[in-house]
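Enquirer: I'd like to ask some things about the structure below.
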Amino acid sequence: MKQIIAIAGTTIGEAIRRKVLLVILLVGLVFLIVAPSLGALSARSETTILRATMLGIIQLTSAVIAIVLTVYMIPNEIERRTIYTILSKPVQRWQFLLGKYLGAVGALALMMLFMTIVMIAVFTGMQNGDFGRAVTLAQATMMFFVQMSLLAAVAVCFSTFVTPLVNFFLSGGIYLAGSLFAPMFDSLSKQQNTSQFSKTVTWAMTTFLPNFSYYNVQNPLINPSSTIQNPMSHYLFATGYGLMYISLLLFIGHYMFDHREV
Amino acid sequence: MKSKSSRFLVWAFGLFVAQGIFSNAVVLPKWQKEFAPKGDIFAGSGLSPDQMLFALGGFREMVAGILWVRADSFFDDGNYDAMLPLIRLCTILDPKQLDIFSVGMWHIAYNFTDEGNRSDRRYVPYAIALGKEAQRNNPDTYEPFFETGWLWFNKVDDDYDQAVKNFEEAEKREDMLAARKNLLSVAYQRTGQIDKSLDHWYSQWDLQDKNWRDTGDMIPKQQRDTAENNLDTLIVRMAQRGYFAQKRGEGIQNYDLYPPFDVGFAAKAAVVGPGILKVDCNWNILPAGTRIRCILRDADYPTAKFADQDWDRETGVKLDPPKDMTWMQEAIYIKNRHGMRKIDMTRDQTMYPFTKDKYVLEFYWNPRSAAGFMQDKLGFLGEGMTDKNYLNLQARQGQRVIYTSFTLTRDQILRLGEWASKVPTVQTPNYVDPNETLKEKDDVILVPSLRNDKKG
Amino acid sequence: MAAAIETQKLTKSYKSKQLGIVNVVDNLDLYVEEGEIFGFLGPNGAGKTTTIKMLLGIIYPTSGEGYVLGKEIGDMDVHKIISYLPERPYYYEHMTGTELLRFYDSLFGNNDPAKVQRLLERVNLAADATKTISQYSKGMQQRVGLAQSLLNDPKLLFLDEPTGGLDPIAHTEIRDLILNFREEGRTVFISSHELSEVERICDRVAIIHRGVIRRQGKLTELLKGGRVEVEAEGITKEFEDSIKIEGAIISLKDGRLIVDMPEEADVNSLLDGIRSSKGSVTSVIPRRKRLEDLFVETVRDSSRVSMAEGGVEA
């Protein structure tokens, strides 16, 4: 366990110093800060649009960070041969992989927390101190965090056997597909005139691919007029689902990594 | 190694199946019920594939927000055509953003107008369809019901039963604003449901009075005073008509509406130039404030009937109204027993394409949409009104309205063929040119004298 | 003496599109005794690093067996008492020397700041302990690498090209550190192609070329077979004819004799003979075999062999 924590800690330290990630984070923060002016352009639903935009910026920035952070993580260790000094110590490959993953998730958590704080600050400033309302938006960023942890697990899993560039598009593609198929399945299953084949395909995709749409819970927070019965239970179940899928991905990743020449 | 591989496969398969079962059995149903996006992005949203991917990638609300800002800038520029698809997209992307629905409905219904500020009513059924869609997507909040009710109340301005239905639905929602409840009382009144209107004003008064006493806030007090004023006015109006006496079974029935008054309606329309209609109406009530509805439409306009159409017919929202159809609707303002309007339809050919051969010109008046003093004279249902030529009991169920129509051909309207040099004119047989009898100047309003020695 | 490393027919093959199956390491039989400094020599691409990675369990052998400190390779317990310094290593640049060592220390489950400090002093980095690795020179990076390899007080160290790319002063520093290891009783396995370094510090060497061990043994034994050149003046033809030394090359011109003979031949009796025949010895030059000669000879021979066998020229 000490080994895993040590590797995770180092990974966080390295990640929060990576210039490319900091630039992405900075761009996200700049957008968050100028978001109120975007909202102000719309005289009618200023705060709704502000909420939607801010959460969207955080989600998009986090997704890019999650992928960029993780696709290079393992290949870099191999290329720089740091992995050899680590694996020649009493560190199992699964401990290494898990440590790297947890480090990535930790770095993500820090960056997302930072963005959330900025969002709350900006929103509170905008809303004449409606701090409580701003904090409820953090529910969405919490769910985004689970979503991005799942995305990071996808990228870490792939990083054990494909090149970073391929992984970038593969993970991005899985993220899109995993966000797309559940609404598509939901939409198709409500229509009578859809072919059984399309329904089955979308059902299979919804079931097999990691379902990222479970974490897009921002709609009721953006439009508070809609009420959700006990959202907390959904948050918990969706988090449970995420942990299961992350375990699966890390398990596969470990198997591939264990069988791979480094 | 082999046994390690098979052990891995067993574990991976187990985890895989477990996540699938957990996902489908536990998480998916709740997600579908409460979080799944309700707008149908797939069925003809008009989203380009990249927009679709972006939207479905979890960024729908942000995309909707950005598009909405864009739409808003179009709105400020008056570029309404460009705004329309954006509004539609926004409502699909984020079907919970009620502001977009509300503004969208209002925009579609009101903002497309011709040079004479006549709005393009071919859009109205789609505005109402958008309202219905907003209701389906947001069944727990009052706003889509209230806004749809408003369209019926103010834009359609004829079928107040629909307004009542929607306002009643709005009022069932917990988040209904107290001040907005007033409109239901007015809508009841227009449908002739006076008791309900009175009860509703009373309950409004009670509610706002309680709110005021509970909070000490001045706004509920103002609301209470508004309710009180309206209530007083209605009571006075109804008392004057003998409504309460009638309910108690005292005195004569409808004494102030009896005997029915002949409104003496007459109309004339002349095509004074290609696509230019000059409409004259006579109306035997002084002094001012009546509006006669005048409609020129395709003879085969879908669902058209008695200066009306089935505004509720559309279930899906379409951005493009039927571009090959014509529906011109104008209100002719009556002053000094006469109204005249020149309607130029040549500058808005997309609104008035005149692609058909036959057209119907309709004149219509109903008491429900009329001003209060007119309603007091003629009753909410027209019970104090008659017209020896054009009283119509079929056009609106349970109401006495004025209705007449003419047919015109495309050649006549556009002054083509044999009509190039002739002025096509239609008129009711009883039409008398006001210049023959009324010599008053246009800017003088005649006020009938209450003294017996003068004729009113 | 017990074996620190022992391999039997250790083989690593890769599939190559052009060449089919390539044995990067081919039936390697290696024996390293405890407490010695073992030089693992070979040209670039000979299979040195692959062998080390197999011994460390970082990659898996295709066939054959290997034991490190008596345990099968890949055993995690062994990792607690061995260490590895890779060729041109890279360390997390954002860390200071102290942080880096503490990180590696924690990989053993330890947290001993005093030990970290001691090691930094030992590799002469105490003054630079708070600088980040990115500010370190190559030599400093190599020294901090050595320090990390000593964190677990290892019985066996694998050093892959430890002096590669370093300046002469850094060379000397590293060499002195390695020589200290022997005094401390550690086994050191050095892979290198810098022969002069190896010759100075190694007890035994193995020469690997194209994945195959070509020579293996004590350096003193492998370098046996030097020659001695004796030069004398005033020598008669009779005396030249009387010289009977196996393997000697003899030449006489104008009374000047040059005898080039194997090192193990009886030089003393030749010198005695010259003196007794009134000749005078002008020089005796021993020509010892150098590791470089052995290496070049071995590599050339093995290339010739593989050419003859139809092997592929690398």
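To be explicit about the labels: the chains of the structure tokens are called A, B, and onward in the order shown, and within each one the residues are counted from 1, while ligands get numbers from 1 in the order they are shown.
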Extract, using only C-alpha atoms, all DNA, RNA and protein residues at most 8 Å from Tyr235 of chain A, discarding same-chain residues fewer than 3 positions from it, and format them as an mmCIF file with C-alpha atoms, in the first residue's frame.
Expert:
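Here's the written file selection-v5.cif:
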```cif
data_model
loop_
_atom_site.group_PDB
_atom_site.id
_atom_site.type_symbol
_atom_site.label_atom_id
_atom_site.label_comp_id
_atom_site.auth_asym_id
_atom_site.auth_seq_id
_atom_site.Cartn_x
_atom_site.Cartn_y
_atom_site.Cartn_z
ATOM 1 C CA MET A 143 -20.396 13.678 -10.626
ATOM 2 C CA TYR A 215 -22.883 11.555 -14.730
ATOM 3 C CA PRO A 231 -30.982 12.705 -6.641
ATOM 4 C CA MET A 232 -28.582 11.470 -3.996
ATOM 5 C CA ALA A 238 -23.867 6.006 -10.531
ATOM 6 C CA THR A 239 -20.727 6.233 -8.418
#
```
Enquirer: Output as a CSV table (one decimal) with N, CA, C and O atoms, in the first residue's frame the set of chain C residues within 7 Å of chain A, with distances taken over only C-alpha atoms.
Expert:
```csv
chain,number,residue,atom,x,y,z
C,56,LEU,N,16.1,-9.0,-13.7
C,56,LEU,CA,15.3,-8.2,-12.8
C,56,LEU,C,13.8,-8.5,-12.8
C,56,LEU,O,13.0,-8.0,-12.1
C,58,ILE,N,11.8,-7.7,-15.2
C,58,ILE,CA,11.1,-6.6,-15.9
C,58,ILE,C,10.6,-7.1,-17.2
C,58,ILE,O,9.5,-6.8,-17.7
C,59,ILE,N,11.3,-8.0,-17.9
C,59,ILE,CA,10.8,-8.7,-19.1
C,59,ILE,C,10.9,-10.2,-18.8
C,59,ILE,O,11.7,-10.6,-17.9
C,76,MET,N,9.7,-11.4,-5.9
C,76,MET,CA,9.6,-10.1,-5.3
C,76,MET,C,10.5,-9.9,-4.1
C,76,MET,O,11.0,-8.9,-3.8
C,79,HIS,N,13.8,-8.6,-4.9
C,79,HIS,CA,13.8,-7.2,-5.2
C,79,HIS,C,14.2,-6.3,-4.0
C,79,HIS,O,14.6,-5.2,-4.2
C,80,LYS,N,14.0,-6.9,-2.8
C,80,LYS,CA,14.2,-6.2,-1.6
C,80,LYS,C,15.7,-6.1,-1.4
C,80,LYS,O,16.2,-5.2,-0.6
C,83,SER,N,19.5,-4.1,-6.4
C,83,SER,CA,19.1,-2.8,-7.0
C,83,SER,C,19.6,-2.6,-8.4
C,83,SER,O,20.5,-3.4,-8.8
C,84,TYR,N,19.1,-1.6,-9.1
C,84,TYR,CA,19.4,-1.5,-10.5
C,84,TYR,C,19.6,0.0,-10.8
C,84,TYR,O,18.8,0.8,-10.4
C,85,LEU,N,20.7,0.2,-11.5
C,85,LEU,CA,20.9,1.6,-12.1
C,85,LEU,C,20.9,1.5,-13.6
C,85,LEU,O,21.8,1.0,-14.2
C,89,PRO,N,19.8,7.0,-16.9
C,89,PRO,CA,18.5,7.0,-16.3
C,89,PRO,C,17.9,8.4,-16.2
C,89,PRO,O,18.6,9.4,-16.4
C,90,TYR,N,16.6,8.5,-16.1
C,90,TYR,CA,15.9,9.8,-16.0
C,90,TYR,C,15.1,9.7,-14.7
C,90,TYR,O,14.5,8.6,-14.4
C,91,TYR,N,15.1,10.7,-13.9
C,91,TYR,CA,14.4,10.7,-12.7
C,91,TYR,C,13.3,11.8,-12.7
C,91,TYR,O,13.5,12.8,-13.5
C,94,HIS,N,10.9,17.1,-11.2
C,94,HIS,CA,10.4,18.1,-10.3
C,94,HIS,C,10.8,17.9,-8.9
C,94,HIS,O,10.6,18.7,-8.0
C,103,PHE,N,11.3,9.1,-2.1
C,103,PHE,CA,10.3,8.4,-2.9
C,103,PHE,C,10.7,6.9,-3.1
C,103,PHE,O,10.0,6.0,-2.8
C,106,SER,N,10.5,4.9,-0.1
C,106,SER,CA,9.1,4.5,0.3
C,106,SER,C,8.7,3.3,-0.6
C,106,SER,O,7.7,2.5,-0.2
C,107,LEU,N,9.3,3.1,-1.7
C,107,LEU,CA,8.9,1.9,-2.5
C,107,LEU,C,9.4,0.6,-1.8
C,107,LEU,O,8.9,-0.5,-2.2
C,108,PHE,N,10.3,0.7,-0.9
C,108,PHE,CA,10.6,-0.5,0.0
C,108,PHE,C,9.8,-0.5,1.2
C,108,PHE,O,10.0,-1.3,2.1
C,109,GLY,N,8.8,0.4,1.3
C,109,GLY,CA,8.0,0.5,2.5
C,109,GLY,C,8.7,1.2,3.6
C,109,GLY,O,8.3,1.1,4.8
```
Enquirer: Write out as a PDB file with N, CA, C and O atoms, in the first residue's frame which residues come within 10 Å of Leu55 of chain A when counting only C-alpha atoms, dropping same-chain ones fewer than 2 positions away.
Expert:
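New file selection_30.pdb:
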```
ATOM      1  N   LEU A  32     -13.959  30.307 -17.467  1.00  0.00           N
ATOM      2  CA  LEU A  32     -14.857  30.393 -16.305  1.00  0.00           C
ATOM      3  C   LEU A  32     -15.017  31.850 -15.874  1.00  0.00           C
ATOM      4  O   LEU A  32     -16.104  32.297 -15.525  1.00  0.00           O
ATOM      5  N   ILE A  49     -27.957  30.390 -18.248  1.00  0.00           N
ATOM      6  CA  ILE A  49     -26.886  30.206 -19.213  1.00  0.00           C
ATOM      7  C   ILE A  49     -25.536  30.239 -18.531  1.00  0.00           C
ATOM      8  O   ILE A  49     -24.638  29.488 -18.878  1.00  0.00           O
ATOM      9  N   LEU A  50     -25.422  31.046 -17.531  1.00  0.00           N
ATOM     10  CA  LEU A  50     -24.156  31.091 -16.789  1.00  0.00           C
ATOM     11  C   LEU A  50     -23.886  29.731 -16.148  1.00  0.00           C
ATOM     12  O   LEU A  50     -22.789  29.203 -16.236  1.00  0.00           O
ATOM     13  N   ARG A  51     -24.928  29.173 -15.519  1.00  0.00           N
ATOM     14  CA  ARG A  51     -24.751  27.852 -14.888  1.00  0.00           C
ATOM     15  C   ARG A  51     -24.368  26.813 -15.928  1.00  0.00           C
ATOM     16  O   ARG A  51     -23.432  26.040 -15.744  1.00  0.00           O
ATOM     17  N   ALA A  52     -25.105  26.810 -17.041  1.00  0.00           N
ATOM     18  CA  ALA A  52     -24.849  25.813 -18.090  1.00  0.00           C
ATOM     19  C   ALA A  52     -23.438  25.970 -18.634  1.00  0.00           C
ATOM     20  O   ALA A  52     -22.714  24.988 -18.804  1.00  0.00           O
ATOM     21  N   THR A  53     -23.054  27.213 -18.876  1.00  0.00           N
ATOM     22  CA  THR A  53     -21.749  27.439 -19.485  1.00  0.00           C
ATOM     23  C   THR A  53     -20.634  27.056 -18.529  1.00  0.00           C
ATOM     24  O   THR A  53     -19.682  26.376 -18.905  1.00  0.00           O
ATOM     25  N   ILE A  57     -17.913  24.232 -19.210  1.00  0.00           N
ATOM     26  CA  ILE A  57     -16.474  24.521 -19.302  1.00  0.00           C
ATOM     27  C   ILE A  57     -15.695  23.575 -18.391  1.00  0.00           C
ATOM     28  O   ILE A  57     -14.695  22.985 -18.791  1.00  0.00           O
ATOM     29  N   ILE A  58     -16.207  23.408 -17.188  1.00  0.00           N
ATOM     30  CA  ILE A  58     -15.496  22.515 -16.256  1.00  0.00           C
ATOM     31  C   ILE A  58     -15.461  21.099 -16.806  1.00  0.00           C
ATOM     32  O   ILE A  58     -14.432  20.425 -16.795  1.00  0.00           O
ATOM     33  N   GLN A  59     -16.596  20.663 -17.351  1.00  0.00           N
ATOM     34  CA  GLN A  59     -16.659  19.291 -17.842  1.00  0.00           C
ATOM     35  C   GLN A  59     -15.714  19.096 -19.027  1.00  0.00           C
ATOM     36  O   GLN A  59     -14.953  18.123 -19.088  1.00  0.00           O
ATOM     37  N   LEU A  60     -15.764  20.026 -19.945  1.00  0.00           N
ATOM     38  CA  LEU A  60     -14.940  19.900 -21.143  1.00  0.00           C
ATOM     39  C   LEU A  60     -13.458  19.965 -20.780  1.00  0.00           C
ATOM     40  O   LEU A  60     -12.659  19.130 -21.220  1.00  0.00           O
ATOM     41  N   THR A  61     -13.103  20.946 -19.957  1.00  0.00           N
ATOM     42  CA  THR A  61     -11.702  21.081 -19.557  1.00  0.00           C
ATOM     43  C   THR A  61     -11.240  19.818 -18.834  1.00  0.00           C
ATOM     44  O   THR A  61     -10.155  19.302 -19.098  1.00  0.00           O
ATOM     45  N   MET A 115     -11.121  24.422 -10.187  1.00  0.00           N
ATOM     46  CA  MET A 115     -12.098  25.013 -11.116  1.00  0.00           C
ATOM     47  C   MET A 115     -13.445  25.236 -10.418  1.00  0.00           C
ATOM     48  O   MET A 115     -14.112  26.251 -10.632  1.00  0.00           O
ATOM     49  N   THR A 116     -13.831  24.274  -9.577  1.00  0.00           N
ATOM     50  CA  THR A 116     -15.111  24.396  -8.879  1.00  0.00           C
ATOM     51  C   THR A 116     -15.097  25.601  -7.948  1.00  0.00           C
ATOM     52  O   THR A 116     -16.076  26.360  -7.867  1.00  0.00           O
ATOM     53  N   MET A 119     -15.448  28.602  -9.986  1.00  0.00           N
ATOM     54  CA  MET A 119     -16.833  28.721 -10.448  1.00  0.00           C
ATOM     55  C   MET A 119     -17.727  29.285  -9.339  1.00  0.00           C
ATOM     56  O   MET A 119     -18.516  30.213  -9.581  1.00  0.00           O
ATOM     57  N   LEU A 137     -24.195  23.706  -7.339  1.00  0.00           N
ATOM     58  CA  LEU A 137     -23.613  23.327  -8.634  1.00  0.00           C
ATOM     59  C   LEU A 137     -22.456  22.346  -8.464  1.00  0.00           C
ATOM     60  O   LEU A 137     -22.132  21.597  -9.379  1.00  0.00           O
ATOM     61  N   ALA A 138     -21.862  22.380  -7.280  1.00  0.00           N
ATOM     62  CA  ALA A 138     -20.743  21.466  -7.031  1.00  0.00           C
ATOM     63  C   ALA A 138     -21.186  20.009  -7.088  1.00  0.00           C
ATOM     64  O   ALA A 138     -20.373  19.121  -7.322  1.00  0.00           O
ATOM     65  N   ALA A 140     -22.812  18.758  -9.444  1.00  0.00           N
ATOM     66  CA  ALA A 140     -22.520  18.339 -10.814  1.00  0.00           C
ATOM     67  C   ALA A 140     -21.034  18.086 -10.985  1.00  0.00           C
ATOM     68  O   ALA A 140     -20.645  17.079 -11.580  1.00  0.00           O
ATOM     69  N   THR A 141     -20.206  18.949 -10.398  1.00  0.00           N
ATOM     70  CA  THR A 141     -18.774  18.727 -10.598  1.00  0.00           C
ATOM     71  C   THR A 141     -18.311  17.470  -9.867  1.00  0.00           C
ATOM     72  O   THR A 141     -17.390  16.796 -10.313  1.00  0.00           O
ATOM     73  N   PHE A 144     -19.106  14.888 -12.261  1.00  0.00           N
ATOM     74  CA  PHE A 144     -18.125  14.968 -13.359  1.00  0.00           C
ATOM     75  C   PHE A 144     -16.814  14.308 -12.938  1.00  0.00           C
ATOM     76  O   PHE A 144     -16.131  13.699 -13.749  1.00  0.00           O
ATOM     77  N   GLN A 218     -26.245  17.619 -14.708  1.00  0.00           N
ATOM     78  CA  GLN A 218     -26.277  19.070 -14.520  1.00  0.00           C
ATOM     79  C   GLN A 218     -27.620  19.692 -14.868  1.00  0.00           C
ATOM     80  O   GLN A 218     -27.927  20.777 -14.388  1.00  0.00           O
ATOM     81  N   ASN A 219     -28.415  18.996 -15.695  1.00  0.00           N
ATOM     82  CA  ASN A 219     -29.634  19.648 -16.184  1.00  0.00           C
ATOM     83  C   ASN A 219     -30.543  20.171 -15.077  1.00  0.00           C
ATOM     84  O   ASN A 219     -30.919  21.338 -15.085  1.00  0.00           O
ATOM     85  N   LEU A 221     -29.757  20.955 -12.180  1.00  0.00           N
ATOM     86  CA  LEU A 221     -29.071  21.994 -11.400  1.00  0.00           C
ATOM     87  C   LEU A 221     -29.042  23.304 -12.176  1.00  0.00           C
ATOM     88  O   LEU A 221     -29.071  24.386 -11.604  1.00  0.00           O
ATOM     89  N   ILE A 222     -28.992  23.172 -13.507  1.00  0.00           N
ATOM     90  CA  ILE A 222     -29.000  24.368 -14.342  1.00  0.00           C
ATOM     91  C   ILE A 222     -30.406  24.954 -14.385  1.00  0.00           C
ATOM     92  O   ILE A 222     -30.601  26.159 -14.329  1.00  0.00           O
TER      93      ILE A 222
ATOM     94  N   PHE B  59     -22.421  17.872 -23.305  1.00  0.00           N
ATOM     95  CA  PHE B  59     -22.312  19.320 -23.237  1.00  0.00           C
ATOM     96  C   PHE B  59     -23.563  20.001 -23.787  1.00  0.00           C
ATOM     97  O   PHE B  59     -23.496  21.116 -24.277  1.00  0.00           O
ATOM     98  N   GLU B  61     -26.209  21.264 -22.446  1.00  0.00           N
ATOM     99  CA  GLU B  61     -26.671  22.497 -21.809  1.00  0.00           C
ATOM    100  C   GLU B  61     -25.776  23.667 -22.193  1.00  0.00           C
ATOM    101  O   GLU B  61     -26.246  24.772 -22.409  1.00  0.00           O
ATOM    102  N   MET B  62     -24.470  23.360 -22.277  1.00  0.00           N
ATOM    103  CA  MET B  62     -23.561  24.436 -22.637  1.00  0.00           C
ATOM    104  C   MET B  62     -23.807  24.858 -24.080  1.00  0.00           C
ATOM    105  O   MET B  62     -23.852  26.051 -24.392  1.00  0.00           O
TER     106      MET B  62
END
```
Enquirer: Select from segment 25-73 of chain C everything DSSP, run on the backbone, classes as helix (DSSP H, G or I), then give the selection as number ranges by chain.
Expert: C: 48-56
Enquirer: For Asn182 of chain B, please output as a VMD selection string all residues within 12 Å (counting only C-alpha atoms; exclusion window: fewer than 4 positions along the same chain).
Expert: chain B and resid 146 164 167 to 168 170 to 171 176 to 178 186 to 189 197 to 205 207 to 208 223 to 231
Enquirer: For chain A, which residues have at least one atom within 7 Å of chain B, if we go by only C-alpha atoms? Write them as a JSON list (two decimals) with C-alpha atoms, in the first residue's frame, please.
Expert:
```json
[["chain", "number", "residue", "atom", "x", "y", "z"],
["A", 41, "LEU", "CA", -25.28, 38.71, -23.47],
["A", 42, "SER", "CA", -28.52, 36.93, -22.93],
["A", 45, "SER", "CA", -31.84, 33.67, -18.95],
["A", 49, "ILE", "CA", -26.89, 30.21, -19.21],
["A", 52, "ALA", "CA", -24.85, 25.81, -18.09],
["A", 53, "THR", "CA", -21.75, 27.44, -19.48],
["A", 56, "GLY", "CA", -19.87, 22.85, -19.47],
["A", 176, "LEU", "CA", -18.32, 10.33, -26.89],
["A", 179, "SER", "CA", -22.15, 9.56, -23.62],
["A", 180, "LEU", "CA", -24.11, 9.07, -26.81],
["A", 183, "PRO", "CA", -29.60, 8.85, -24.74],
["A", 186, "ASP", "CA", -33.52, 5.97, -24.43],
["A", 187, "SER", "CA", -34.78, 7.89, -27.44],
["A", 207, "THR", "CA", -24.63, -1.99, -21.66],
["A", 208, "PHE", "CA", -21.08, -2.75, -22.77],
["A", 213, "SER", "CA", -24.16, 9.91, -19.54],
["A", 214, "TYR", "CA", -25.04, 8.73, -16.03],
["A", 216, "ASN", "CA", -24.38, 14.34, -16.80],
["A", 217, "VAL", "CA", -26.65, 15.36, -13.95],
["A", 219, "ASN", "CA", -29.63, 19.65, -16.18],
["A", 223, "ASN", "CA", -32.80, 24.50, -14.54],
["A", 225, "SER", "CA", -37.53, 24.38, -11.87],
["A", 226, "SER", "CA", -37.33, 20.66, -12.58],
["A", 228, "ILE", "CA", -35.59, 15.16, -9.18],
["A", 234, "HIS", "CA", -28.75, 8.29, -8.29],
["A", 237, "PHE", "CA", -25.63, 4.28, -7.67],
["A", 238, "ALA", "CA", -23.87, 6.01, -10.53],
["A", 241, "TYR", "CA", -21.39, 1.74, -11.23],
["A", 244, "MET", "CA", -17.28, -1.29, -10.88],
["A", 245, "TYR", "CA", -16.38, -0.23, -14.38],
["A", 248, "LEU", "CA", -12.92, -3.79, -14.70],
["A", 252, "ILE", "CA", -7.87, -5.51, -17.94]]
```
Enquirer: Name all residues at most 12 Å from Pro302 of chain B (count only C-alpha atoms; drop same-chain ones fewer than 4 positions away) and give them as number ranges by chain.
Expert: B: 122, 125, 297-298, 308-311, 313-314, 322, 324-327
Enquirer: Take the residues just selected and output them with N, CA and C atoms as a PDB file, in the first residue's frame.
Expert:
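As written to disk, part_8.pdb reads:
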```pdb
ATOM      1  N   ARG B 122     -49.766  32.005 -39.547  1.00  0.00           N
ATOM      2  CA  ARG B 122     -49.497  30.625 -39.955  1.00  0.00           C
ATOM      3  C   ARG B 122     -48.559  29.951 -38.949  1.00  0.00           C
ATOM      4  N   PRO B 125     -50.012  27.877 -34.776  1.00  0.00           N
ATOM      5  CA  PRO B 125     -50.142  26.478 -34.338  1.00  0.00           C
ATOM      6  C   PRO B 125     -48.808  25.873 -33.899  1.00  0.00           C
ATOM      7  N   ARG B 297     -58.034  34.632 -46.668  1.00  0.00           N
ATOM      8  CA  ARG B 297     -57.277  33.378 -46.615  1.00  0.00           C
ATOM      9  C   ARG B 297     -57.574  32.522 -47.819  1.00  0.00           C
ATOM     10  N   ASP B 298     -56.721  31.502 -48.012  1.00  0.00           N
ATOM     11  CA  ASP B 298     -57.002  30.516 -49.055  1.00  0.00           C
ATOM     12  C   ASP B 298     -58.364  29.902 -48.769  1.00  0.00           C
ATOM     13  N   ASP B 308     -61.566  31.512 -38.322  1.00  0.00           N
ATOM     14  CA  ASP B 308     -60.818  30.810 -37.285  1.00  0.00           C
ATOM     15  C   ASP B 308     -60.145  29.612 -37.946  1.00  0.00           C
ATOM     16  N   GLN B 309     -59.246  29.009 -37.255  1.00  0.00           N
ATOM     17  CA  GLN B 309     -58.725  27.721 -37.697  1.00  0.00           C
ATOM     18  C   GLN B 309     -58.452  26.916 -36.441  1.00  0.00           C
ATOM     19  N   ASP B 310     -58.119  25.638 -36.625  1.00  0.00           N
ATOM     20  CA  ASP B 310     -57.803  24.809 -35.467  1.00  0.00           C
ATOM     21  C   ASP B 310     -56.356  25.092 -35.055  1.00  0.00           C
ATOM     22  N   TRP B 311     -56.211  26.059 -34.162  1.00  0.00           N
ATOM     23  CA  TRP B 311     -54.849  26.477 -33.743  1.00  0.00           C
ATOM     24  C   TRP B 311     -54.136  25.375 -32.989  1.00  0.00           C
ATOM     25  N   ARG B 313     -53.992  22.257 -33.793  1.00  0.00           N
ATOM     26  CA  ARG B 313     -53.893  21.022 -34.575  1.00  0.00           C
ATOM     27  C   ARG B 313     -52.494  20.421 -34.610  1.00  0.00           C
ATOM     28  N   GLU B 314     -51.455  21.213 -34.422  1.00  0.00           N
ATOM     29  CA  GLU B 314     -50.099  20.691 -34.609  1.00  0.00           C
ATOM     30  C   GLU B 314     -49.604  19.986 -33.355  1.00  0.00           C
ATOM     31  N   PRO B 322     -46.495  26.871 -43.437  1.00  0.00           N
ATOM     32  CA  PRO B 322     -46.821  26.516 -44.817  1.00  0.00           C
ATOM     33  C   PRO B 322     -46.622  27.728 -45.724  1.00  0.00           C
ATOM     34  N   ASP B 324     -46.726  28.137 -48.816  1.00  0.00           N
ATOM     35  CA  ASP B 324     -47.539  28.340 -50.022  1.00  0.00           C
ATOM     36  C   ASP B 324     -48.970  28.747 -49.659  1.00  0.00           C
ATOM     37  N   MET B 325     -49.224  29.002 -48.389  1.00  0.00           N
ATOM     38  CA  MET B 325     -50.592  29.349 -47.988  1.00  0.00           C
ATOM     39  C   MET B 325     -50.677  30.817 -47.571  1.00  0.00           C
ATOM     40  N   THR B 326     -51.871  31.315 -47.637  1.00  0.00           N
ATOM     41  CA  THR B 326     -52.063  32.727 -47.311  1.00  0.00           C
ATOM     42  C   THR B 326     -53.105  32.856 -46.209  1.00  0.00           C
ATOM     43  N   TRP B 327     -52.752  33.607 -45.195  1.00  0.00           N
ATOM     44  CA  TRP B 327     -53.688  33.919 -44.109  1.00  0.00           C
ATOM     45  C   TRP B 327     -53.371  35.330 -43.643  1.00  0.00           C
TER      46      TRP B 327
END
```
Enquirer: As a list in words, please: the residues near Ala129 of chain B (cut-off 6 Å, only C-alpha atoms, same-chain neighbours under 3 positions excluded).
Expert: Tyr126, Lys132, Glu314, Thr315, Gly316 and Val317 of chain B
Enquirer: Using Å and a single decimal, report how far atom CA of Pro262 of chain C sits from atom CA of Thr282 of chain C.
Expert: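 So the two atoms, atom CA of Thr282 of chain C and atom CA of Pro262 of chain C, lie 18.7 Å apart.
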Enquirer: Compile the contact shell of Ala371 of chain B as a ChimeraX atom specification: residues with an atom at most 7 Å away, counting only C-alpha atoms, same-chain residues fewer than 3 positions apart removed.
Expert: /B:289,374-375
Enquirer: When you draw a straight line from atom CA of Gln18 of chain C to atom CA of Pro75 of chain A, how long is it in Å?
Expert: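 Spanning atom CA of Gln18 of chain C to atom CA of Pro75 of chain A is a straight-line distance of 25.4 Å.
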